[in-house]
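A short write-up of the structure that comes next.
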2 protein chains.
Amino acid sequence: MKRYGQHCPLARALDVVGERWTPLVVRELTLGPRRYSDLLTGLPGIPTNLLATRLRDLQNAGIITKRTLPPPTAVTVYELTEAGHALRPALNALREWGRHYAPPPADTDTAQPAWALLSASAHPTSLPTGRTCELRVDSELFHLTATPESTLSVHGGPAHAPHTVITMSTDTLFRLMSAHTTPTATIRHTTITGDHHLAHTTLTSLHGVLA
Amino acid sequence: MKRYGQHCPLARALDVVGERWTPLVVRELTLGPRRYSDLLTGLPGIPTNLLATRLRDLQNAGIITKRTLPPPTAVTVYELTEAGHALRPALNALREWGRHYAPPPADTDTAQPAWALLSASAHPTSLPTGRTCELRVDSELFHLTATPESTLSVHGGPAHAPHTVITMSTDTLFRLMSAHTTPTATIRHTTITGDHHLAHTTLTSLHGVLA
DNA sequence: CCGAATCCTGGTAGATACTG
DNA sequence: CAGTATCTACCAGGATTCGG
C-alpha cells in the first residue's frame, strides 16, 4: 500500500481505501458477508489476483475479516468490521455526488440490481420500523428494512421472516427506480406474497431514487 | 481516465475522482482559488506532470475551472465549480473516517496548517454568524467564518475586513488542535488584534478537533 | 519565476492460465 | 471454490528541460 506521507486525515483515509477497486469491494460487503466468488461477480472487470490483494490489504487495515461459517455450510466469507461499516456515510456521500454530477453511464456499462438498491440505502422511507420486505430480482435475493431514523436499509440474501415478498425482473426494478413507471403500475409486473400494503410502501420507497 | 464500466453512481463518481491524488487536489481547492505552484507546495510528493494531468482531467469533468485574474495580478488560478464544491460532504465524511479509523500518521509525514484547519471545517462552532477571524500561522493566512447552520468554514488567504486577527506558530496551532493545550493557555503564545473575545471563541472551536 | 511538457524507470493494473 | 502464477501494458514517480 503506497502512502501519501501526509499528516492529514483525508490523505490517511485514502492511504487505506483510496486505491483502485478498494471502495467497490467495500460497497459489495455493505450488503452483508460475501464469498470470494460472490465478490468476483459483483465486481465485473476486476482481475482475480487484484481482488485477492485488496482483500488481504483490507484485512490488514482492520476493515474486513475473513470468517469460515460453521458446518454444514462450511464456506469462508468476508465481512465488514466496525471500521468497515463506519465507511458507509463516506460511500453514501460519494454515491450521492455521483448521481448528481458524474457523467451519465455508458450504455455498455453493466448493471446489477444490488447497485441500484444501494442507491436507495440511507434514503428517507415511510417503511414501518420493524417490518421486513424480501425482494427477489431475477433470482437475486435482498431484504429491506427501516432504521430507527426511518431511512432505508438494504441487505443481500434472504430475510429471516419477511412480512412481504416481492418478485420482479431486473428490468422492472430499474424502470421503477428510474421513475419510468409508478409503484402502482409496477405492481402489475410483480408477484407479491404477504402484506400487500407493505409491498406498495416498499415500492414507493424505491420509486425514482435513480432519477 | 479509466472507467469501471459499471452502471452504479458510486463507481461513476470514482471514475471521475477516484484516481490517485485527485481527491487531494480537490482538498487544496476547497480552501479557495489556488495557483499551480500553490498546489505543488500543498501536495508534497506529487510529480508536476501528474498535477498538470489531474488539473486537465478535472476541468474536463467540470469539477474545476482555470481562470486568469484581471491585471495587475495577472496570475492564473484554479477553482472549484459548483460540482466541485458539491464534493465537500463526501470529502468531509472520508476525512472523519480517517480521523477515527485510519492508522496513525508516521512521524516522517509532512504536516501543514491547512490540513489541520480543514479538519475543523464543517464542525459545529459557537462562532457568531457574520463575524470573521483571520488566522496567521507562520506567514500562512486563513480566515474562518461560521455558516448559517453554525458550522465552521475555513478559507485560505487574507480576510476582507476581519473582526479579529490571531497570529501564532504552526506548533502552537497543532498543540491546540491536538488538545495538548487549552484555548486559554494558547492565547499566551499568540498575538491578537481586534475582538479578543471572538479570538477566544475561535480558538475554542479549533480545540481538540485533531484528537 | 510560473506553468507546464518530456524522458526514463519501476511498480501496479489488466488479462489469462493454472493449482490446492 | 478460492485463490496463485505469469505476462503485458500502462501509469505513477522522479529529474530535467522548455516556453511565456
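Ligands are numbered from 1 in the order shown, chains are lettered A, B, ... in the order of the C-alpha cells, and residues start at 1 in each chain.
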
| task | Would you give me, as a ChimeraX atom specification, the residues of chain B that come within 9 Å of chain C, using only C-alpha atoms (C1' of nucleotides)? | result | /B:36-37,48-49,52,75

Wanna dump the chain A-chain B contacts at 6 Å for me, each residue with its shortest atom pair and the distance in Å to one decimal, counting only C-alpha atoms, ordered by chain and number, as a tab-separated table?
residue	atom	partner	partner_atom	distance
A:Gly5	CA	B:Asp109	CA	4.7
A:Gln6	CA	B:Asp109	CA	4.9
A:His7	CA	B:Ala111	CA	4.9
A:Cys8	CA	B:Trp115	CA	5.6
A:Pro9	CA	B:Gly98	CA	4.8
A:Leu10	CA	B:Arg95	CA	4.2
A:Arg12	CA	B:Gly98	CA	5.9
A:Ala13	CA	B:Gly98	CA	4.3
A:Ala90	CA	B:Ala93	CA	4.7
A:Ala93	CA	B:Ala90	CA	4.7
A:Leu94	CA	B:Ala90	CA	5.1
A:Arg95	CA	B:Leu10	CA	4.2
A:Gly98	CA	B:Ala13	CA	4.3
A:Arg99	CA	B:Pro9	CA	5.2
A:Ala102	CA	B:Ala13	CA	5.6
A:Pro105	CA	B:His7	CA	5.8
A:Asp109	CA	B:Gly5	CA	4.7
A:Thr110	CA	B:Gln6	CA	5.1
A:Ala111	CA	B:His7	CA	4.9
A:Trp115	CA	B:Cys8	CA	5.6

| What residues in chain D lie within 9 Å of chain B, counting only C-alpha atoms (C1' of nucleotides), written as an NGL selection string? | :D and (12-14)

Serialized selection, C-alpha atoms (C1' of nucleotides), as a compact mmCIF listing (two decimals), in the first residue's frame:
# COMPACT_ATOMS: atom_id res chain seq x y z
C1' DA D 12 2.90 6.85 -11.22
C1' DG D 13 7.36 8.78 -9.51
C1' DG D 14 11.47 11.44 -10.25

How would chain B read as an mmCIF file with C-alpha atoms, in the first residue's frame after a least-squares superposition onto chain A over every Cα atom, matched in order?
data_model
loop_
_atom_site.group_PDB
_atom_site.id
_atom_site.type_symbol
_atom_site.label_atom_id
_atom_site.label_comp_id
_atom_site.auth_asym_id
_atom_site.auth_seq_id
_atom_site.Cartn_x
_atom_site.Cartn_y
_atom_site.Cartn_z
ATOM 1 C CA MET B 1 -0.014 -0.025 0.027
ATOM 2 C CA LYS B 2 1.571 3.239 -1.086
ATOM 3 C CA ARG B 3 1.112 6.131 1.322
ATOM 4 C CA TYR B 4 0.845 9.848 0.638
ATOM 5 C CA GLY B 5 3.011 10.648 3.629
ATOM 6 C CA GLN B 6 0.796 13.511 4.735
ATOM 7 C CA HIS B 7 -0.284 14.244 8.297
ATOM 8 C CA CYS B 8 -3.876 14.781 7.105
ATOM 9 C CA PRO B 9 -6.878 12.619 7.997
ATOM 10 C CA LEU B 10 -8.211 12.704 4.452
ATOM 11 C CA ALA B 11 -4.886 11.596 3.014
ATOM 12 C CA ARG B 12 -4.608 8.878 5.660
ATOM 13 C CA ALA B 13 -8.071 7.616 4.788
ATOM 14 C CA LEU B 14 -7.057 7.492 1.130
ATOM 15 C CA ASP B 15 -3.912 5.591 2.101
ATOM 16 C CA VAL B 16 -6.216 2.782 3.180
ATOM 17 C CA VAL B 17 -9.252 2.931 0.900
ATOM 18 C CA GLY B 18 -8.025 5.150 -1.922
ATOM 19 C CA GLU B 19 -6.656 2.517 -4.246
ATOM 20 C CA ARG B 20 -8.467 1.336 -7.338
ATOM 21 C CA TRP B 21 -11.319 -1.151 -6.686
ATOM 22 C CA THR B 22 -11.015 -0.825 -2.909
ATOM 23 C CA PRO B 23 -14.147 1.300 -2.329
ATOM 24 C CA LEU B 24 -16.110 -1.012 -4.614
ATOM 25 C CA VAL B 25 -15.048 -4.050 -2.600
ATOM 26 C CA VAL B 26 -16.384 -2.298 0.490
ATOM 27 C CA ARG B 27 -19.553 -1.460 -1.445
ATOM 28 C CA GLU B 28 -20.191 -5.145 -2.116
ATOM 29 C CA LEU B 29 -19.645 -6.021 1.521
ATOM 30 C CA THR B 30 -22.116 -3.400 2.748
ATOM 31 C CA LEU B 31 -24.781 -5.834 1.514
ATOM 32 C CA GLY B 32 -23.577 -8.361 4.075
ATOM 33 C CA PRO B 33 -21.004 -11.182 4.252
ATOM 34 C CA ARG B 34 -19.908 -12.350 0.800
ATOM 35 C CA ARG B 35 -17.857 -15.192 -0.604
ATOM 36 C CA TYR B 36 -14.855 -14.699 -2.848
ATOM 37 C CA SER B 37 -16.791 -15.808 -5.907
ATOM 38 C CA ASP B 38 -19.717 -13.537 -5.012
ATOM 39 C CA LEU B 39 -17.321 -10.618 -4.940
ATOM 40 C CA LEU B 40 -15.905 -11.572 -8.324
ATOM 41 C CA THR B 41 -19.349 -11.495 -9.935
ATOM 42 C CA GLY B 42 -20.269 -8.321 -8.061
ATOM 43 C CA LEU B 43 -17.127 -6.600 -9.328
ATOM 44 C CA PRO B 44 -17.106 -7.334 -13.061
ATOM 45 C CA GLY B 45 -13.742 -6.449 -14.564
ATOM 46 C CA ILE B 46 -11.597 -6.973 -11.489
ATOM 47 C CA PRO B 47 -8.688 -9.385 -12.007
ATOM 48 C CA THR B 48 -8.826 -12.238 -9.527
ATOM 49 C CA ASN B 49 -5.329 -11.576 -8.250
ATOM 50 C CA LEU B 50 -6.214 -7.972 -7.577
ATOM 51 C CA LEU B 51 -9.289 -8.961 -5.576
ATOM 52 C CA ALA B 52 -7.137 -11.291 -3.494
ATOM 53 C CA THR B 53 -4.642 -8.485 -2.876
ATOM 54 C CA ARG B 54 -7.334 -5.989 -1.915
ATOM 55 C CA LEU B 55 -8.966 -8.437 0.483
ATOM 56 C CA ARG B 56 -5.629 -9.077 2.159
ATOM 57 C CA ASP B 57 -4.870 -5.360 2.495
ATOM 58 C CA LEU B 58 -8.349 -4.607 3.827
ATOM 59 C CA GLN B 59 -7.903 -7.283 6.466
ATOM 60 C CA ASN B 60 -4.562 -5.820 7.520
ATOM 61 C CA ALA B 61 -6.200 -2.409 7.738
ATOM 62 C CA GLY B 62 -8.884 -3.836 10.024
ATOM 63 C CA ILE B 63 -11.731 -3.010 7.652
ATOM 64 C CA ILE B 64 -12.848 -6.561 6.883
ATOM 65 C CA THR B 65 -12.471 -9.991 8.447
ATOM 66 C CA LYS B 66 -12.343 -13.442 6.897
ATOM 67 C CA ARG B 67 -14.530 -16.012 8.577
ATOM 68 C CA THR B 68 -15.393 -19.643 7.951
ATOM 69 C CA LEU B 69 -19.048 -20.393 8.524
ATOM 70 C CA PRO B 70 -19.819 -23.413 10.751
ATOM 71 C CA PRO B 71 -20.781 -26.707 9.055
ATOM 72 C CA PRO B 72 -22.698 -27.868 7.115
ATOM 73 C CA THR B 73 -22.218 -24.726 4.991
ATOM 74 C CA ALA B 74 -18.475 -24.560 5.581
ATOM 75 C CA VAL B 75 -17.795 -21.667 3.264
ATOM 76 C CA THR B 76 -15.415 -18.793 3.942
ATOM 77 C CA VAL B 77 -16.931 -15.340 3.797
ATOM 78 C CA TYR B 78 -15.616 -11.816 4.075
ATOM 79 C CA GLU B 79 -17.470 -9.232 6.124
ATOM 80 C CA LEU B 80 -17.037 -5.670 7.310
ATOM 81 C CA THR B 81 -15.707 -4.857 10.757
ATOM 82 C CA GLU B 82 -16.960 -1.866 12.725
ATOM 83 C CA ALA B 83 -14.354 0.283 10.983
ATOM 84 C CA GLY B 84 -15.658 -1.036 7.674
ATOM 85 C CA HIS B 85 -19.267 -0.226 8.483
ATOM 86 C CA ALA B 86 -18.133 3.260 9.519
ATOM 87 C CA LEU B 87 -17.179 3.878 5.885
ATOM 88 C CA ARG B 88 -20.840 3.794 4.892
ATOM 89 C CA PRO B 89 -21.537 7.541 5.289
ATOM 90 C CA ALA B 90 -18.512 8.404 3.168
ATOM 91 C CA LEU B 91 -19.515 5.983 0.413
ATOM 92 C CA ASN B 92 -23.101 7.226 0.520
ATOM 93 C CA ALA B 93 -21.976 10.834 0.171
ATOM 94 C CA LEU B 94 -19.775 9.947 -2.779
ATOM 95 C CA ARG B 95 -22.600 7.951 -4.328
ATOM 96 C CA GLU B 96 -24.950 10.915 -4.016
ATOM 97 C CA TRP B 97 -22.364 13.091 -5.707
ATOM 98 C CA GLY B 98 -22.067 10.563 -8.512
ATOM 99 C CA ARG B 99 -25.820 10.527 -9.028
ATOM 100 C CA HIS B 100 -25.925 14.301 -9.430
ATOM 101 C CA TYR B 101 -22.656 15.301 -11.047
ATOM 102 C CA ALA B 102 -20.850 12.327 -12.617
ATOM 103 C CA PRO B 103 -21.102 11.871 -16.385
ATOM 104 C CA PRO B 104 -24.052 9.676 -17.369
ATOM 105 C CA PRO B 105 -23.351 5.951 -17.657
ATOM 106 C CA ALA B 106 -22.444 4.466 -21.007
ATOM 107 C CA ASP B 107 -24.970 1.987 -22.387
ATOM 108 C CA THR B 108 -22.250 -0.659 -22.475
ATOM 109 C CA ASP B 109 -21.932 -0.435 -18.683
ATOM 110 C CA THR B 110 -23.020 -3.504 -16.780
ATOM 111 C CA ALA B 111 -25.931 -3.031 -14.406
ATOM 112 C CA GLN B 112 -26.750 -5.048 -11.304
ATOM 113 C CA PRO B 113 -29.853 -4.852 -9.119
ATOM 114 C CA ALA B 114 -27.693 -4.558 -6.000
ATOM 115 C CA TRP B 115 -26.095 -1.323 -7.200
ATOM 116 C CA ALA B 116 -29.459 0.233 -7.867
ATOM 117 C CA LEU B 117 -30.842 -0.852 -4.520
ATOM 118 C CA LEU B 118 -27.818 0.565 -2.709
ATOM 119 C CA SER B 119 -28.713 3.980 -4.115
ATOM 120 C CA ALA B 120 -31.920 3.797 -2.110
ATOM 121 C CA SER B 121 -29.945 2.927 0.997
ATOM 122 C CA ALA B 122 -29.894 5.670 3.653
ATOM 123 C CA HIS B 123 -32.752 7.466 1.883
ATOM 124 C CA PRO B 124 -35.760 8.527 3.961
ATOM 125 C CA THR B 125 -38.503 5.919 3.828
ATOM 126 C CA SER B 126 -42.045 5.516 5.059
ATOM 127 C CA LEU B 127 -41.423 1.819 5.632
ATOM 128 C CA PRO B 128 -42.489 1.014 9.215
ATOM 129 C CA THR B 129 -39.659 0.201 11.595
ATOM 130 C CA GLY B 130 -39.502 -3.469 12.467
ATOM 131 C CA ARG B 131 -41.118 -4.738 9.295
ATOM 132 C CA THR B 132 -39.105 -6.550 6.645
ATOM 133 C CA CYS B 133 -39.617 -6.832 2.893
ATOM 134 C CA GLU B 134 -37.868 -9.503 0.863
ATOM 135 C CA LEU B 135 -37.114 -8.566 -2.711
ATOM 136 C CA ARG B 136 -36.450 -11.217 -5.368
ATOM 137 C CA VAL B 137 -34.992 -9.794 -8.548
ATOM 138 C CA ASP B 138 -34.217 -12.393 -11.213
ATOM 139 C CA SER B 139 -33.278 -14.998 -8.572
ATOM 140 C CA GLU B 140 -31.175 -12.489 -6.634
ATOM 141 C CA LEU B 141 -32.456 -12.019 -3.104
ATOM 142 C CA PHE B 142 -32.429 -8.879 -0.956
ATOM 143 C CA HIS B 143 -34.238 -7.705 2.114
ATOM 144 C CA LEU B 144 -35.163 -4.168 3.037
ATOM 145 C CA THR B 145 -35.853 -2.713 6.453
ATOM 146 C CA ALA B 146 -36.121 0.724 8.011
ATOM 147 C CA THR B 147 -33.634 2.075 10.528
ATOM 148 C CA PRO B 148 -34.893 3.751 13.728
ATOM 149 C CA GLU B 149 -34.219 7.064 11.921
ATOM 150 C CA SER B 150 -36.630 5.997 9.154
ATOM 151 C CA THR B 151 -33.997 5.560 6.490
ATOM 152 C CA LEU B 152 -33.899 2.553 4.214
ATOM 153 C CA SER B 153 -31.509 -0.296 4.936
ATOM 154 C CA VAL B 154 -30.620 -2.806 2.195
ATOM 155 C CA HIS B 155 -29.037 -6.217 2.665
ATOM 156 C CA GLY B 156 -28.289 -9.129 0.373
ATOM 157 C CA GLY B 157 -29.597 -12.628 0.895
ATOM 158 C CA PRO B 158 -32.943 -13.931 2.170
ATOM 159 C CA ALA B 159 -34.822 -12.338 5.043
ATOM 160 C CA HIS B 160 -35.423 -14.269 8.243
ATOM 161 C CA ALA B 161 -39.196 -13.939 8.438
ATOM 162 C CA PRO B 162 -40.263 -11.308 5.905
ATOM 163 C CA HIS B 163 -43.660 -9.666 6.268
ATOM 164 C CA THR B 164 -43.926 -9.446 2.503
ATOM 165 C CA VAL B 165 -42.112 -10.857 -0.527
ATOM 166 C CA ILE B 166 -41.932 -9.067 -3.877
ATOM 167 C CA THR B 167 -40.722 -10.875 -6.995
ATOM 168 C CA MET B 168 -39.870 -8.972 -10.158
ATOM 169 C CA SER B 169 -37.433 -8.803 -13.075
ATOM 170 C CA THR B 170 -34.332 -6.630 -13.188
ATOM 171 C CA ASP B 171 -35.930 -4.581 -15.929
ATOM 172 C CA THR B 172 -38.999 -3.874 -13.824
ATOM 173 C CA LEU B 173 -36.824 -2.811 -10.901
ATOM 174 C CA PHE B 174 -34.842 -0.367 -13.018
ATOM 175 C CA ARG B 175 -37.971 1.114 -14.590
ATOM 176 C CA LEU B 176 -39.394 1.715 -11.127
ATOM 177 C CA MET B 177 -36.232 3.192 -9.684
ATOM 178 C CA SER B 178 -35.619 5.371 -12.750
ATOM 179 C CA ALA B 179 -39.171 6.704 -12.369
ATOM 180 C CA HIS B 180 -40.150 5.315 -15.780
ATOM 181 C CA THR B 181 -43.103 3.633 -14.090
ATOM 182 C CA THR B 182 -45.090 4.323 -10.942
ATOM 183 C CA PRO B 183 -45.248 1.982 -7.938
ATOM 184 C CA THR B 184 -48.876 1.212 -8.730
ATOM 185 C CA ALA B 185 -48.069 0.329 -12.334
ATOM 186 C CA THR B 186 -45.095 -1.707 -11.197
ATOM 187 C CA ILE B 187 -47.257 -3.973 -9.072
ATOM 188 C CA ARG B 188 -48.823 -5.459 -12.210
ATOM 189 C CA HIS B 189 -45.387 -6.823 -13.194
ATOM 190 C CA THR B 190 -44.624 -8.300 -9.791
ATOM 191 C CA THR B 191 -45.687 -11.231 -7.658
ATOM 192 C CA ILE B 192 -46.465 -10.340 -4.075
ATOM 193 C CA THR B 193 -46.870 -12.666 -1.112
ATOM 194 C CA GLY B 194 -47.805 -11.423 2.331
ATOM 195 C CA ASP B 195 -48.596 -7.843 3.289
ATOM 196 C CA HIS B 196 -49.679 -6.110 0.055
ATOM 197 C CA HIS B 197 -49.792 -2.664 1.632
ATOM 198 C CA LEU B 198 -46.241 -3.066 2.950
ATOM 199 C CA ALA B 199 -45.157 -4.113 -0.527
ATOM 200 C CA HIS B 200 -46.628 -0.963 -2.018
ATOM 201 C CA THR B 201 -44.855 1.138 0.594
ATOM 202 C CA THR B 202 -41.579 -0.576 -0.252
ATOM 203 C CA LEU B 203 -42.022 0.074 -3.971
ATOM 204 C CA THR B 204 -42.772 3.715 -3.186
ATOM 205 C CA SER B 205 -39.515 3.972 -1.258
ATOM 206 C CA LEU B 206 -37.631 2.742 -4.302
ATOM 207 C CA HIS B 207 -39.496 4.874 -6.816
ATOM 208 C CA GLY B 208 -37.312 7.374 -8.630
ATOM 209 C CA VAL B 209 -34.211 7.210 -6.480
ATOM 210 C CA LEU B 210 -32.121 6.625 -9.620
ATOM 211 C CA ALA B 211 -33.646 9.556 -11.498
#

| request: Identify, with DSSP run on backbone atoms, the residues in range 22-208 of chain B assigned to strand (DSSP E or B), and express the list as a PyMOL selection string. | output: chain B and resi 34+64-68+76-80+110+124+133-137+140-146+151-156+164-168+191-194

Any chance you can output those residues with C-alpha atoms as a PDB file, in the first residue's frame?
ATOM      1  CA  ARG B  34      -5.079  28.387  -5.955  1.00  0.00           C
ATOM      2  CA  ILE B  64     -12.691  22.871 -11.610  1.00  0.00           C
ATOM      3  CA  THR B  65     -12.144  25.846 -13.890  1.00  0.00           C
ATOM      4  CA  LYS B  66      -8.987  27.680 -14.889  1.00  0.00           C
ATOM      5  CA  ARG B  67      -9.213  31.438 -14.696  1.00  0.00           C
ATOM      6  CA  THR B  68      -6.820  34.316 -15.257  1.00  0.00           C
ATOM      7  CA  THR B  76      -3.903  32.040 -13.494  1.00  0.00           C
ATOM      8  CA  VAL B  77      -5.752  30.244 -10.738  1.00  0.00           C
ATOM      9  CA  TYR B  78      -7.757  27.059 -10.481  1.00  0.00           C
ATOM     10  CA  GLU B  79     -11.017  26.993  -8.564  1.00  0.00           C
ATOM     11  CA  LEU B  80     -13.880  24.627  -7.865  1.00  0.00           C
ATOM     12  CA  THR B 110       4.725  16.245   6.433  1.00  0.00           C
ATOM     13  CA  PRO B 124     -20.225  22.768  14.930  1.00  0.00           C
ATOM     14  CA  CYS B 133     -11.451  35.707  12.186  1.00  0.00           C
ATOM     15  CA  GLU B 134      -8.169  35.901  10.314  1.00  0.00           C
ATOM     16  CA  LEU B 135      -5.599  33.328  11.309  1.00  0.00           C
ATOM     17  CA  ARG B 136      -1.893  33.827  10.575  1.00  0.00           C
ATOM     18  CA  VAL B 137       0.146  30.682  11.042  1.00  0.00           C
ATOM     19  CA  GLU B 140       0.298  31.424   6.049  1.00  0.00           C
ATOM     20  CA  LEU B 141      -3.032  33.224   6.096  1.00  0.00           C
ATOM     21  CA  PHE B 142      -6.513  31.784   6.628  1.00  0.00           C
ATOM     22  CA  HIS B 143      -9.876  33.157   7.569  1.00  0.00           C
ATOM     23  CA  LEU B 144     -12.619  31.425   9.492  1.00  0.00           C
ATOM     24  CA  THR B 145     -16.327  32.136   9.489  1.00  0.00           C
ATOM     25  CA  ALA B 146     -19.496  30.390  10.596  1.00  0.00           C
ATOM     26  CA  THR B 151     -20.619  25.061  11.340  1.00  0.00           C
ATOM     27  CA  LEU B 152     -17.091  26.283  10.803  1.00  0.00           C
ATOM     28  CA  SER B 153     -15.975  27.407   7.361  1.00  0.00           C
ATOM     29  CA  VAL B 154     -12.253  27.647   6.526  1.00  0.00           C
ATOM     30  CA  HIS B 155     -10.694  29.512   3.618  1.00  0.00           C
ATOM     31  CA  GLY B 156      -7.148  30.309   2.579  1.00  0.00           C
ATOM     32  CA  THR B 164     -10.091  39.772  14.865  1.00  0.00           C
ATOM     33  CA  VAL B 165      -6.636  38.589  13.807  1.00  0.00           C
ATOM     34  CA  ILE B 166      -4.758  35.785  15.560  1.00  0.00           C
ATOM     35  CA  THR B 167      -1.067  35.181  14.876  1.00  0.00           C
ATOM     36  CA  MET B 168       0.650  32.013  16.046  1.00  0.00           C
ATOM     37  CA  THR B 191      -0.739  37.820  19.136  1.00  0.00           C
ATOM     38  CA  ILE B 192      -4.295  39.062  18.915  1.00  0.00           C
ATOM     39  CA  THR B 193      -5.580  42.220  17.264  1.00  0.00           C
ATOM     40  CA  GLY B 194      -9.219  43.229  17.369  1.00  0.00           C
TER      41      GLY B 194
END

In range 125-202 of chain A, what's helix (DSSP H, G or I) per DSSP? Answer as a short mmCIF file (atom, residue, chain, number, x, y, z; two decimals) with C-alpha atoms, in the first residue's frame?
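Writing done, so here's part_39.cif:
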data_model
loop_
_atom_site.label_atom_id
_atom_site.label_comp_id
_atom_site.auth_asym_id
_atom_site.auth_seq_id
_atom_site.Cartn_x
_atom_site.Cartn_y
_atom_site.Cartn_z
CA THR A 170 -34.30 -6.62 -13.17
CA ASP A 171 -35.88 -4.57 -15.92
CA THR A 172 -38.98 -3.86 -13.82
CA LEU A 173 -36.80 -2.79 -10.89
CA PHE A 174 -34.81 -0.35 -12.99
CA ARG A 175 -37.95 1.13 -14.57
CA LEU A 176 -39.39 1.73 -11.13
CA MET A 177 -36.21 3.21 -9.66
CA PRO A 183 -45.26 1.97 -7.96
CA THR A 184 -48.88 1.19 -8.77
CA ALA A 185 -48.05 0.33 -12.37
CA THR A 186 -45.05 -1.70 -11.22
CA ILE A 187 -47.24 -3.98 -9.10
CA HIS A 196 -49.69 -6.13 0.01
CA HIS A 197 -49.82 -2.69 1.60
CA LEU A 198 -46.28 -3.08 2.93
CA ALA A 199 -45.18 -4.14 -0.55
CA HIS A 200 -46.65 -0.97 -2.05
CA THR A 201 -44.88 1.14 0.59
CA THR A 202 -41.60 -0.59 -0.26
#
